[in-house]
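Written below as structure tokens is the structure these notes are about.
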Amino acid sequence: MASLRFVMFVLALYVSSYHSLSQSNTCLVAVPENHTALYIFGDSLFDGGNNEYIKSTTFLQANFPPYGETFFKYPTGRFSDGRVIPDFIGEYAKLPLIPPYLYPGNEYYIYGMNFASAGAGALLQTNLGLTIDLNTQTNYFREVGKQLRQKLGGMEAKKLLSRAVYIFSIGGNDYGTPFLTNSTTPLLLPYPQQQFVDFVIGNITVAIKEIYNEGGRKFGFVNVGPLNCFPLLRRLVNGTTISACLEEQGSALARLHNNALSKMLQKLQRQLKGFRYSITDFYGSLIELMKYPSKYGFKEGDAACCGGGPYRGDYSCGGKRGIEEYEVCNNVNEYVFFDALHPTESAAKHFANLMWSGGNRDVIESYNLKQLFHDA
């Protein structure tokens, strides 16, 4: 009888221990010490290929040559001749290449994940049905958080998510898409300008708070670029100077947005315990490259490397978007723009460097990303 009681005691102890381990405090997957993951949200500036795996349109896909040919030697779905900004940020943080979330069989999330989708906006109706909007991207992130808690246990997952850095490029499509679908001048916007910006900023705020509630504390943003100065819209501007494209409606909307983004993040920093952020002035930095390309190692700051028409801005790069004829420059590294909307790999690296280690307060607000990565 004593022997039976001993066996029952050992069995009870085992069951209790197993139950305790399953309560999410034991790490089931090894996480490197002092590890900081990178989670990526936004649009084509950051997209690592998610639109390859959804029912979209060639206007919002880059799965054909000459995209990808510089670095990868084949198209990866990135809107670049090679790498995009987050690829460099991951490299600087000593992380492996962060895969797109929808990549088949992709279940290893401890280094981060790329949820960004070309054409995405903060508003649901922006390119509706053709992209992964910001709300859906945050829903995907919550699924990742759930998977991490199952694989790492609750305590380790909480630690990983709180140390991680979350970067965003969002808003440009919300303001830019109406210019591509409406030829009236001035453009008739879906809302009054300030209300339009408030809606976009409101949805971005919701996304930040959802990630914060999952454990996120460190956030990095690029603001919206001067929309009418991108080759696609600049070819429609009455005037050839940069000043002319900056005076247009889309560029003015971008300035309104960028001012509101800064104010919103400052407010969240006061409201949310442990919240830290970085804003890189993509708007100002792109204008600087366009005005003074040779100062930064480029030769051409106005026209795209790939495309046709004025500024090679007809978005024909690759010949799959309704216009079969297009041109490609001889030396892509000399160009700021690869196609009518997106930077070359060389320009992406320039912007990534600013995000990572920029110290000029005219370019970086609050922290730079290097500080966020190294700040536990």
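Scheme for the structure tokens: letters A, B, ... for chains in order shown; per-chain residue numbers from 1; ligand numbers from 1 in order shown.
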
Proximity of segment 278-364 of chain A to segment 238-262 of chain A: per-residue shortest pair, 8 Å limit, only C-alpha atoms, as CSV:
```
residue,atom,partner,partner_atom,distance
A:Ile279,CA,A:Ser262,CA,7.6
A:Ile287,CA,A:Ile242,CA,8.0
A:Lys291,CA,A:Ile242,CA,7.7
```

Could you write out the selected residues, including N, CA and C atoms, as a compact mmCIF listing (two decimals), in the first residue's frame?
```txt
# COMPACT_ATOMS: atom_id res chain seq x y z
N ILE A 279 11.08 59.06 -35.74
CA ILE A 279 10.56 59.46 -37.06
C ILE A 279 11.74 59.87 -37.93
N ILE A 287 13.76 65.07 -50.89
CA ILE A 287 13.96 66.34 -51.59
C ILE A 287 15.45 66.68 -51.65
N LYS A 291 17.52 67.28 -55.09
CA LYS A 291 18.16 68.56 -55.37
C LYS A 291 19.66 68.43 -55.56
```

(request) Please run DSSP on the backbone and report, as a PyMOL selection string, all residues within segment 94-335 of chain A that come out as strand (DSSP E or B). (result) chain A and resi 100+112-114+165-169+218-222+276-280+300-304+306-307+327-328+335

Backbone-only DSSP, alpha helix (DSSP H) members of segment 123-329 of chain A, as a short mmCIF file (atom, residue, chain, number, x, y, z; two decimals) with N, CA, C and O atoms, in the first residue's frame:
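Saved file part-v3.cif follows:
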```cif
data_model
loop_
_atom_site.label_atom_id
_atom_site.label_comp_id
_atom_site.auth_asym_id
_atom_site.auth_seq_id
_atom_site.Cartn_x
_atom_site.Cartn_y
_atom_site.Cartn_z
N LEU A 134 -3.60 48.20 -43.27
CA LEU A 134 -2.89 48.26 -42.00
C LEU A 134 -3.60 47.48 -40.90
O LEU A 134 -2.95 46.81 -40.09
N ASN A 135 -4.93 47.54 -40.87
CA ASN A 135 -5.66 46.81 -39.85
C ASN A 135 -5.44 45.31 -39.98
O ASN A 135 -5.23 44.60 -38.98
N THR A 136 -5.45 44.80 -41.21
CA THR A 136 -5.21 43.37 -41.43
C THR A 136 -3.77 43.02 -41.06
O THR A 136 -3.51 41.94 -40.49
N GLN A 137 -2.84 43.90 -41.35
CA GLN A 137 -1.45 43.65 -40.96
C GLN A 137 -1.32 43.51 -39.44
O GLN A 137 -0.60 42.63 -38.95
N THR A 138 -2.02 44.36 -38.69
CA THR A 138 -1.95 44.25 -37.22
C THR A 138 -2.66 42.98 -36.73
O THR A 138 -2.25 42.38 -35.73
N ASN A 139 -3.71 42.57 -37.45
CA ASN A 139 -4.35 41.29 -37.11
C ASN A 139 -3.38 40.13 -37.31
O ASN A 139 -3.32 39.20 -36.49
N TYR A 140 -2.63 40.17 -38.39
CA TYR A 140 -1.61 39.14 -38.63
C TYR A 140 -0.57 39.16 -37.50
O TYR A 140 -0.11 38.10 -37.05
N PHE A 141 -0.19 40.36 -37.07
CA PHE A 141 0.79 40.45 -35.99
C PHE A 141 0.25 39.82 -34.71
O PHE A 141 1.00 39.15 -33.98
N ARG A 142 -1.02 40.01 -34.42
CA ARG A 142 -1.60 39.38 -33.23
C ARG A 142 -1.53 37.87 -33.31
O ARG A 142 -1.31 37.18 -32.31
N GLU A 143 -1.72 37.34 -34.52
CA GLU A 143 -1.57 35.89 -34.71
C GLU A 143 -0.14 35.45 -34.43
O GLU A 143 0.10 34.39 -33.84
N VAL A 144 0.82 36.27 -34.86
CA VAL A 144 2.22 35.96 -34.57
C VAL A 144 2.47 35.98 -33.07
O VAL A 144 3.17 35.10 -32.53
N GLY A 145 1.91 36.97 -32.38
CA GLY A 145 2.04 37.02 -30.93
C GLY A 145 1.50 35.77 -30.26
O GLY A 145 2.11 35.23 -29.33
N LYS A 146 0.38 35.30 -30.75
CA LYS A 146 -0.22 34.07 -30.22
C LYS A 146 0.70 32.88 -30.44
O LYS A 146 0.91 32.05 -29.53
N GLN A 147 1.27 32.78 -31.66
CA GLN A 147 2.20 31.69 -31.96
C GLN A 147 3.45 31.77 -31.09
O GLN A 147 3.96 30.74 -30.62
N LEU A 148 3.94 32.97 -30.86
CA LEU A 148 5.13 33.13 -30.02
C LEU A 148 4.86 32.68 -28.59
O LEU A 148 5.72 32.04 -27.96
N ARG A 149 3.70 33.00 -28.07
CA ARG A 149 3.37 32.58 -26.70
C ARG A 149 3.28 31.06 -26.60
O ARG A 149 3.65 30.47 -25.58
N GLN A 150 2.80 30.43 -27.68
CA GLN A 150 2.72 28.97 -27.68
C GLN A 150 4.09 28.32 -27.77
O GLN A 150 4.36 27.31 -27.13
N LYS A 151 4.99 28.93 -28.56
CA LYS A 151 6.30 28.32 -28.81
C LYS A 151 7.34 28.69 -27.75
O LYS A 151 8.21 27.88 -27.43
N LEU A 152 7.25 29.93 -27.24
CA LEU A 152 8.27 30.41 -26.31
C LEU A 152 7.81 30.36 -24.86
O LEU A 152 8.64 30.35 -23.95
N GLY A 154 4.79 32.28 -22.19
CA GLY A 154 4.31 33.65 -21.98
C GLY A 154 5.38 34.64 -21.61
O GLY A 154 5.45 35.75 -22.15
N MET A 155 6.27 34.27 -20.67
CA MET A 155 7.28 35.20 -20.19
C MET A 155 8.30 35.54 -21.28
O MET A 155 8.64 36.71 -21.48
N GLU A 156 8.78 34.53 -22.00
CA GLU A 156 9.76 34.78 -23.05
C GLU A 156 9.14 35.56 -24.21
O GLU A 156 9.79 36.43 -24.80
N ALA A 157 7.89 35.25 -24.56
CA ALA A 157 7.22 35.98 -25.63
C ALA A 157 7.04 37.45 -25.25
O ALA A 157 7.27 38.35 -26.08
N LYS A 158 6.65 37.69 -24.02
CA LYS A 158 6.48 39.07 -23.55
C LYS A 158 7.80 39.83 -23.63
O LYS A 158 7.85 40.99 -24.07
N LYS A 159 8.88 39.18 -23.23
CA LYS A 159 10.20 39.79 -23.28
C LYS A 159 10.60 40.10 -24.72
O LYS A 159 11.10 41.18 -25.02
N LEU A 160 10.39 39.13 -25.62
CA LEU A 160 10.76 39.33 -27.02
C LEU A 160 9.97 40.49 -27.63
O LEU A 160 10.54 41.35 -28.32
N LEU A 161 8.66 40.53 -27.39
CA LEU A 161 7.81 41.55 -28.00
C LEU A 161 8.10 42.94 -27.44
O LEU A 161 7.98 43.94 -28.14
N SER A 162 8.49 43.01 -26.17
CA SER A 162 8.78 44.31 -25.58
C SER A 162 10.15 44.85 -26.03
O SER A 162 10.35 46.06 -26.11
N ARG A 163 11.08 43.96 -26.34
CA ARG A 163 12.40 44.38 -26.83
C ARG A 163 12.38 44.68 -28.32
O ARG A 163 13.25 45.39 -28.83
N GLY A 172 1.13 57.13 -47.47
CA GLY A 172 1.33 57.67 -48.81
C GLY A 172 0.26 57.22 -49.80
O GLY A 172 -0.20 58.01 -50.64
N ASN A 173 -0.15 55.97 -49.72
CA ASN A 173 -1.17 55.47 -50.65
C ASN A 173 -2.54 56.05 -50.36
O ASN A 173 -3.35 56.24 -51.28
N ASP A 174 -2.83 56.33 -49.09
CA ASP A 174 -4.12 56.94 -48.75
C ASP A 174 -4.29 58.27 -49.46
O ASP A 174 -5.35 58.58 -50.00
N TYR A 175 -3.21 59.07 -49.48
CA TYR A 175 -3.27 60.39 -50.11
C TYR A 175 -2.96 60.34 -51.60
O TYR A 175 -3.47 61.16 -52.37
N GLY A 176 -2.12 59.40 -52.02
CA GLY A 176 -1.68 59.37 -53.41
C GLY A 176 -2.63 58.69 -54.36
O GLY A 176 -2.75 59.10 -55.53
N THR A 177 -3.33 57.65 -53.90
CA THR A 177 -4.19 56.87 -54.79
C THR A 177 -5.27 57.71 -55.47
O THR A 177 -5.54 57.52 -56.67
N PRO A 178 -5.92 58.65 -54.76
CA PRO A 178 -6.93 59.46 -55.46
C PRO A 178 -6.38 60.21 -56.67
O PRO A 178 -7.12 60.45 -57.63
N PHE A 179 -5.10 60.57 -56.66
CA PHE A 179 -4.52 61.28 -57.80
C PHE A 179 -4.36 60.37 -59.01
O PHE A 179 -4.28 60.85 -60.15
N LEU A 180 -4.33 59.07 -58.79
CA LEU A 180 -4.15 58.13 -59.89
C LEU A 180 -5.48 57.70 -60.49
O LEU A 180 -5.52 57.11 -61.57
N THR A 181 -6.56 57.97 -59.79
CA THR A 181 -7.88 57.52 -60.24
C THR A 181 -8.81 58.67 -60.58
O THR A 181 -9.96 58.46 -60.92
N GLN A 193 -9.46 68.27 -46.40
CA GLN A 193 -8.05 67.90 -46.19
C GLN A 193 -7.72 67.51 -44.76
O GLN A 193 -7.15 66.44 -44.51
N GLN A 194 -8.04 68.37 -43.79
CA GLN A 194 -7.66 68.08 -42.41
C GLN A 194 -8.40 66.86 -41.87
O GLN A 194 -7.84 66.05 -41.15
N GLN A 195 -9.67 66.70 -42.26
CA GLN A 195 -10.43 65.52 -41.84
C GLN A 195 -9.84 64.25 -42.44
O GLN A 195 -9.75 63.21 -41.77
N PHE A 196 -9.41 64.34 -43.69
CA PHE A 196 -8.76 63.22 -44.38
C PHE A 196 -7.52 62.79 -43.58
O PHE A 196 -7.33 61.61 -43.25
N VAL A 197 -6.68 63.75 -43.24
CA VAL A 197 -5.47 63.46 -42.46
C VAL A 197 -5.84 62.88 -41.10
O VAL A 197 -5.21 61.92 -40.63
N ASP A 198 -6.85 63.43 -40.46
CA ASP A 198 -7.25 62.95 -39.14
C ASP A 198 -7.69 61.49 -39.19
O ASP A 198 -7.39 60.71 -38.27
N PHE A 199 -8.41 61.11 -40.25
CA PHE A 199 -8.83 59.71 -40.39
C PHE A 199 -7.61 58.79 -40.52
O PHE A 199 -7.55 57.73 -39.89
N VAL A 200 -6.66 59.20 -41.36
CA VAL A 200 -5.47 58.37 -41.56
C VAL A 200 -4.68 58.25 -40.26
O VAL A 200 -4.30 57.14 -39.84
N ILE A 201 -4.43 59.37 -39.61
CA ILE A 201 -3.67 59.38 -38.35
C ILE A 201 -4.42 58.59 -37.28
O ILE A 201 -3.80 57.85 -36.49
N GLY A 202 -5.74 58.69 -37.27
CA GLY A 202 -6.54 57.93 -36.30
C GLY A 202 -6.35 56.43 -36.46
O GLY A 202 -6.19 55.70 -35.46
N ASN A 203 -6.35 55.94 -37.69
CA ASN A 203 -6.16 54.51 -37.93
C ASN A 203 -4.74 54.05 -37.59
O ASN A 203 -4.54 52.94 -37.09
N ILE A 204 -3.76 54.90 -37.85
CA ILE A 204 -2.38 54.57 -37.47
C ILE A 204 -2.27 54.49 -35.94
O ILE A 204 -1.62 53.60 -35.40
N THR A 205 -2.94 55.40 -35.26
CA THR A 205 -2.93 55.40 -33.79
C THR A 205 -3.52 54.11 -33.25
O THR A 205 -2.98 53.51 -32.31
N VAL A 206 -4.62 53.66 -33.84
CA VAL A 206 -5.25 52.41 -33.41
C VAL A 206 -4.27 51.24 -33.58
O VAL A 206 -4.14 50.39 -32.69
N ALA A 207 -3.57 51.20 -34.72
CA ALA A 207 -2.61 50.12 -34.97
C ALA A 207 -1.49 50.13 -33.94
O ALA A 207 -1.09 49.08 -33.41
N ILE A 208 -0.97 51.31 -33.64
CA ILE A 208 0.11 51.42 -32.64
C ILE A 208 -0.37 50.90 -31.29
O ILE A 208 0.34 50.14 -30.62
N LYS A 209 -1.56 51.30 -30.89
CA LYS A 209 -2.07 50.89 -29.58
C LYS A 209 -2.32 49.39 -29.52
O LYS A 209 -2.10 48.76 -28.47
N GLU A 210 -2.74 48.80 -30.63
CA GLU A 210 -2.94 47.34 -30.65
C GLU A 210 -1.61 46.62 -30.48
O GLU A 210 -1.50 45.63 -29.74
N ILE A 211 -0.58 47.11 -31.15
CA ILE A 211 0.75 46.50 -31.00
C ILE A 211 1.28 46.75 -29.59
O ILE A 211 1.90 45.86 -28.98
N TYR A 212 1.04 47.92 -29.06
CA TYR A 212 1.45 48.23 -27.69
C TYR A 212 0.78 47.26 -26.70
O TYR A 212 1.42 46.75 -25.77
N ASN A 213 -0.49 46.99 -26.91
CA ASN A 213 -1.22 46.07 -26.02
C ASN A 213 -0.70 44.64 -26.12
O ASN A 213 -0.84 43.85 -25.18
N GLU A 214 -0.08 44.30 -27.27
CA GLU A 214 0.55 42.99 -27.43
C GLU A 214 1.94 42.95 -26.80
O GLU A 214 2.55 41.89 -26.73
N PRO A 231 8.27 60.58 -59.80
CA PRO A 231 8.13 60.68 -61.26
C PRO A 231 6.72 60.42 -61.78
O PRO A 231 6.29 61.07 -62.75
N LEU A 232 5.99 59.49 -61.16
CA LEU A 232 4.65 59.16 -61.64
C LEU A 232 3.72 60.36 -61.65
O LEU A 232 2.95 60.57 -62.60
N LEU A 233 3.76 61.17 -60.60
CA LEU A 233 2.88 62.34 -60.51
C LEU A 233 3.58 63.60 -61.00
O LEU A 233 2.91 64.54 -61.44
N ARG A 234 4.90 63.63 -60.94
CA ARG A 234 5.61 64.83 -61.37
C ARG A 234 5.45 65.10 -62.87
O ARG A 234 5.47 66.25 -63.31
N ILE A 242 11.59 71.56 -58.71
CA ILE A 242 11.14 70.86 -57.50
C ILE A 242 10.17 71.72 -56.73
O ILE A 242 9.19 71.22 -56.15
N SER A 243 10.38 73.03 -56.76
CA SER A 243 9.44 73.93 -56.09
C SER A 243 8.03 73.76 -56.63
O SER A 243 7.04 73.81 -55.88
N ALA A 244 7.91 73.53 -57.94
CA ALA A 244 6.60 73.37 -58.56
C ALA A 244 5.90 72.12 -58.04
O ALA A 244 4.70 72.16 -57.71
N CYS A 245 6.62 71.00 -57.92
CA CYS A 245 5.96 69.77 -57.45
C CYS A 245 5.65 69.85 -55.96
O CYS A 245 4.71 69.21 -55.48
N LEU A 246 6.41 70.64 -55.22
CA LEU A 246 6.14 70.79 -53.78
C LEU A 246 4.90 71.63 -53.52
O LEU A 246 4.28 71.52 -52.46
N GLN A 249 -1.03 69.70 -54.65
CA GLN A 249 -1.96 69.28 -53.61
C GLN A 249 -1.48 68.06 -52.82
O GLN A 249 -1.60 68.00 -51.60
N GLY A 250 -0.92 67.06 -53.52
CA GLY A 250 -0.48 65.85 -52.84
C GLY A 250 0.67 66.11 -51.90
O GLY A 250 0.71 65.57 -50.78
N SER A 251 1.62 66.92 -52.32
CA SER A 251 2.75 67.25 -51.46
C SER A 251 2.30 68.05 -50.24
O SER A 251 2.83 67.88 -49.13
N ALA A 252 1.32 68.92 -50.44
CA ALA A 252 0.77 69.68 -49.31
C ALA A 252 0.07 68.75 -48.31
O ALA A 252 0.20 68.92 -47.09
N LEU A 253 -0.64 67.75 -48.82
CA LEU A 253 -1.28 66.76 -47.94
C LEU A 253 -0.23 66.00 -47.14
O LEU A 253 -0.42 65.72 -45.94
N ALA A 254 0.87 65.66 -47.79
CA ALA A 254 1.95 64.95 -47.10
C ALA A 254 2.48 65.78 -45.94
O ALA A 254 2.75 65.25 -44.85
N ARG A 255 2.63 67.09 -46.15
CA ARG A 255 3.12 67.95 -45.07
C ARG A 255 2.14 68.00 -43.91
O ARG A 255 2.54 67.96 -42.74
N LEU A 256 0.86 68.08 -44.23
CA LEU A 256 -0.17 68.04 -43.17
C LEU A 256 -0.09 66.75 -42.38
O LEU A 256 -0.15 66.74 -41.14
N HIS A 257 0.04 65.64 -43.09
CA HIS A 257 0.14 64.33 -42.45
C HIS A 257 1.36 64.26 -41.55
O HIS A 257 1.27 63.79 -40.40
N ASN A 258 2.49 64.69 -42.05
CA ASN A 258 3.74 64.56 -41.30
C ASN A 258 3.72 65.38 -40.01
O ASN A 258 4.23 64.94 -38.98
N ASN A 259 3.11 66.54 -40.07
CA ASN A 259 2.96 67.36 -38.87
C ASN A 259 2.06 66.67 -37.86
O ASN A 259 2.37 66.61 -36.65
N ALA A 260 0.96 66.08 -38.34
CA ALA A 260 0.02 65.38 -37.45
C ALA A 260 0.64 64.11 -36.87
O ALA A 260 0.39 63.76 -35.72
N LEU A 261 1.45 63.40 -37.68
CA LEU A 261 2.10 62.18 -37.20
C LEU A 261 3.02 62.50 -36.02
O LEU A 261 3.02 61.79 -35.00
N SER A 262 3.80 63.55 -36.16
CA SER A 262 4.72 63.95 -35.10
C SER A 262 3.96 64.28 -33.82
O SER A 262 4.33 63.82 -32.72
N LYS A 263 2.90 65.04 -33.94
CA LYS A 263 2.12 65.42 -32.76
C LYS A 263 1.48 64.20 -32.11
O LYS A 263 1.43 64.09 -30.88
N MET A 264 0.99 63.28 -32.92
CA MET A 264 0.35 62.07 -32.39
C MET A 264 1.35 61.22 -31.61
O MET A 264 1.05 60.73 -30.51
N LEU A 265 2.55 61.04 -32.15
CA LEU A 265 3.54 60.21 -31.47
C LEU A 265 4.04 60.87 -30.19
O LEU A 265 4.28 60.19 -29.18
N GLN A 266 4.17 62.18 -30.19
CA GLN A 266 4.54 62.89 -28.97
C GLN A 266 3.47 62.69 -27.89
O GLN A 266 3.78 62.49 -26.70
N LYS A 267 2.22 62.72 -28.31
CA LYS A 267 1.11 62.51 -27.37
C LYS A 267 1.12 61.10 -26.80
O LYS A 267 0.95 60.90 -25.58
N LEU A 268 1.36 60.10 -27.66
CA LEU A 268 1.40 58.72 -27.19
C LEU A 268 2.56 58.50 -26.22
O LEU A 268 2.45 57.73 -25.27
N GLN A 269 3.67 59.19 -26.46
CA GLN A 269 4.81 59.05 -25.55
C GLN A 269 4.47 59.55 -24.15
O GLN A 269 4.96 59.02 -23.15
N ARG A 270 3.60 60.54 -24.08
CA ARG A 270 3.16 61.04 -22.77
C ARG A 270 2.15 60.11 -22.14
O ARG A 270 2.08 59.99 -20.91
N GLN A 271 1.35 59.43 -22.96
CA GLN A 271 0.23 58.64 -22.46
C GLN A 271 0.60 57.19 -22.11
O GLN A 271 0.05 56.63 -21.16
N PHE A 282 11.55 61.26 -44.23
CA PHE A 282 11.66 60.79 -45.60
C PHE A 282 11.33 61.90 -46.58
O PHE A 282 11.96 62.04 -47.64
N TYR A 283 10.36 62.72 -46.23
CA TYR A 283 9.95 63.85 -47.08
C TYR A 283 11.15 64.75 -47.37
O TYR A 283 11.53 64.98 -48.52
N GLY A 284 11.75 65.27 -46.32
CA GLY A 284 12.87 66.19 -46.49
C GLY A 284 14.11 65.53 -47.07
O GLY A 284 14.84 66.12 -47.88
N SER A 285 14.36 64.29 -46.67
CA SER A 285 15.55 63.58 -47.13
C SER A 285 15.48 63.27 -48.61
O SER A 285 16.50 63.32 -49.32
N LEU A 286 14.28 62.95 -49.11
CA LEU A 286 14.13 62.68 -50.54
C LEU A 286 14.31 63.96 -51.36
O LEU A 286 14.97 63.95 -52.41
N ILE A 287 13.76 65.07 -50.89
CA ILE A 287 13.96 66.34 -51.59
C ILE A 287 15.45 66.68 -51.65
O ILE A 287 15.96 67.13 -52.69
N GLU A 288 16.16 66.44 -50.56
CA GLU A 288 17.59 66.69 -50.52
C GLU A 288 18.33 65.86 -51.58
O GLU A 288 19.20 66.38 -52.30
N LEU A 289 17.97 64.58 -51.70
CA LEU A 289 18.60 63.73 -52.72
C LEU A 289 18.27 64.21 -54.13
O LEU A 289 19.12 64.17 -55.02
N MET A 290 17.03 64.64 -54.33
CA MET A 290 16.63 65.10 -55.66
C MET A 290 17.33 66.39 -56.05
O MET A 290 17.72 66.58 -57.19
N LYS A 291 17.52 67.28 -55.09
CA LYS A 291 18.16 68.56 -55.37
C LYS A 291 19.66 68.43 -55.56
O LYS A 291 20.25 69.09 -56.42
#
```

(request) Point out the residue among A:Leu187, A:Ile170, A:Cys306, A:Ala164 with the least atom-to-atom distance to Asp375 of chain A, counting only C-alpha atoms. (result) A:Ala164

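The gap separating atom CA of Phe221 of chain A from atom CA of Ala118 of chain A is 16.5 Å, in Å to one decimal.
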
(message) Set the distance at 10 Å and use only C-alpha atoms: which residues neighbour Asp133 of chain A once local chain neighbours fewer than 2 positions away are removed? I'd like the list as a ChimeraX atom specification.
(response) /A:41-43,115-131,135-138,170

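Remark: for Ser316 of chain A, the closest of the candidate residues A:Ala340, A:Ile110, A:Val84, A:Val332 is A:Ala340 (distances computed over only C-alpha atoms).
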
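Interatomic distance, atom CA of Leu227 of chain A against atom CA of Asn331 of chain A: 25.1 Å.
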
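When only C-alpha atoms are used to compute distances to Gly216 of chain A, the closest of the residues A:Gly82, A:Asn360, A:Phe275, A:Thr280 turns out to be A:Phe275.
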
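The smallest atom-to-atom distance between Tyr101 of chain A and any of A:Val224, A:Ile85, A:Leu236, A:Ile40, using only C-alpha atoms, is found for A:Ile40.
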
(request) Find the residues around Ala348 of chain A up to 10 Å (only C-alpha atoms counted), leave out those fewer than 2 positions away in its own chain, and share them as a list in words. (result) Leu45, Phe46, Ser80, Gly82, Arg83, Val84, Ile85, Pro86, Asp87, Phe88, Val336, Phe337, His342, Pro343, Thr344, Glu345, Ser346, His350, Phe351, Ala352, Asn353 and Leu354 of chain A

(request) Tell me which of A:Asp81, A:Asp314, A:Asp47, A:Glu91 sits closest to Cys329 of chain A, counting only C-alpha atoms. (result) A:Asp81

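Atom CA of Asn51 of chain A to atom CA of Gly313 of chain A spans 22.0 Å [interatomic distance, one decimal].
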
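Between Ser278 of chain A and the residues A:Tyr335, A:Tyr311, A:Tyr166, A:Phe230, the shortest atom-to-atom distance, using only C-alpha atoms, involves A:Tyr166.
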
(message) Which residues are close to Gly48 of chain A, i.e. within 7 Å by only C-alpha atoms, leaving aside same-chain residues fewer than 5 positions away? Reply as a ChimeraX atom specification.
(response) /A:77-78,99-100,114
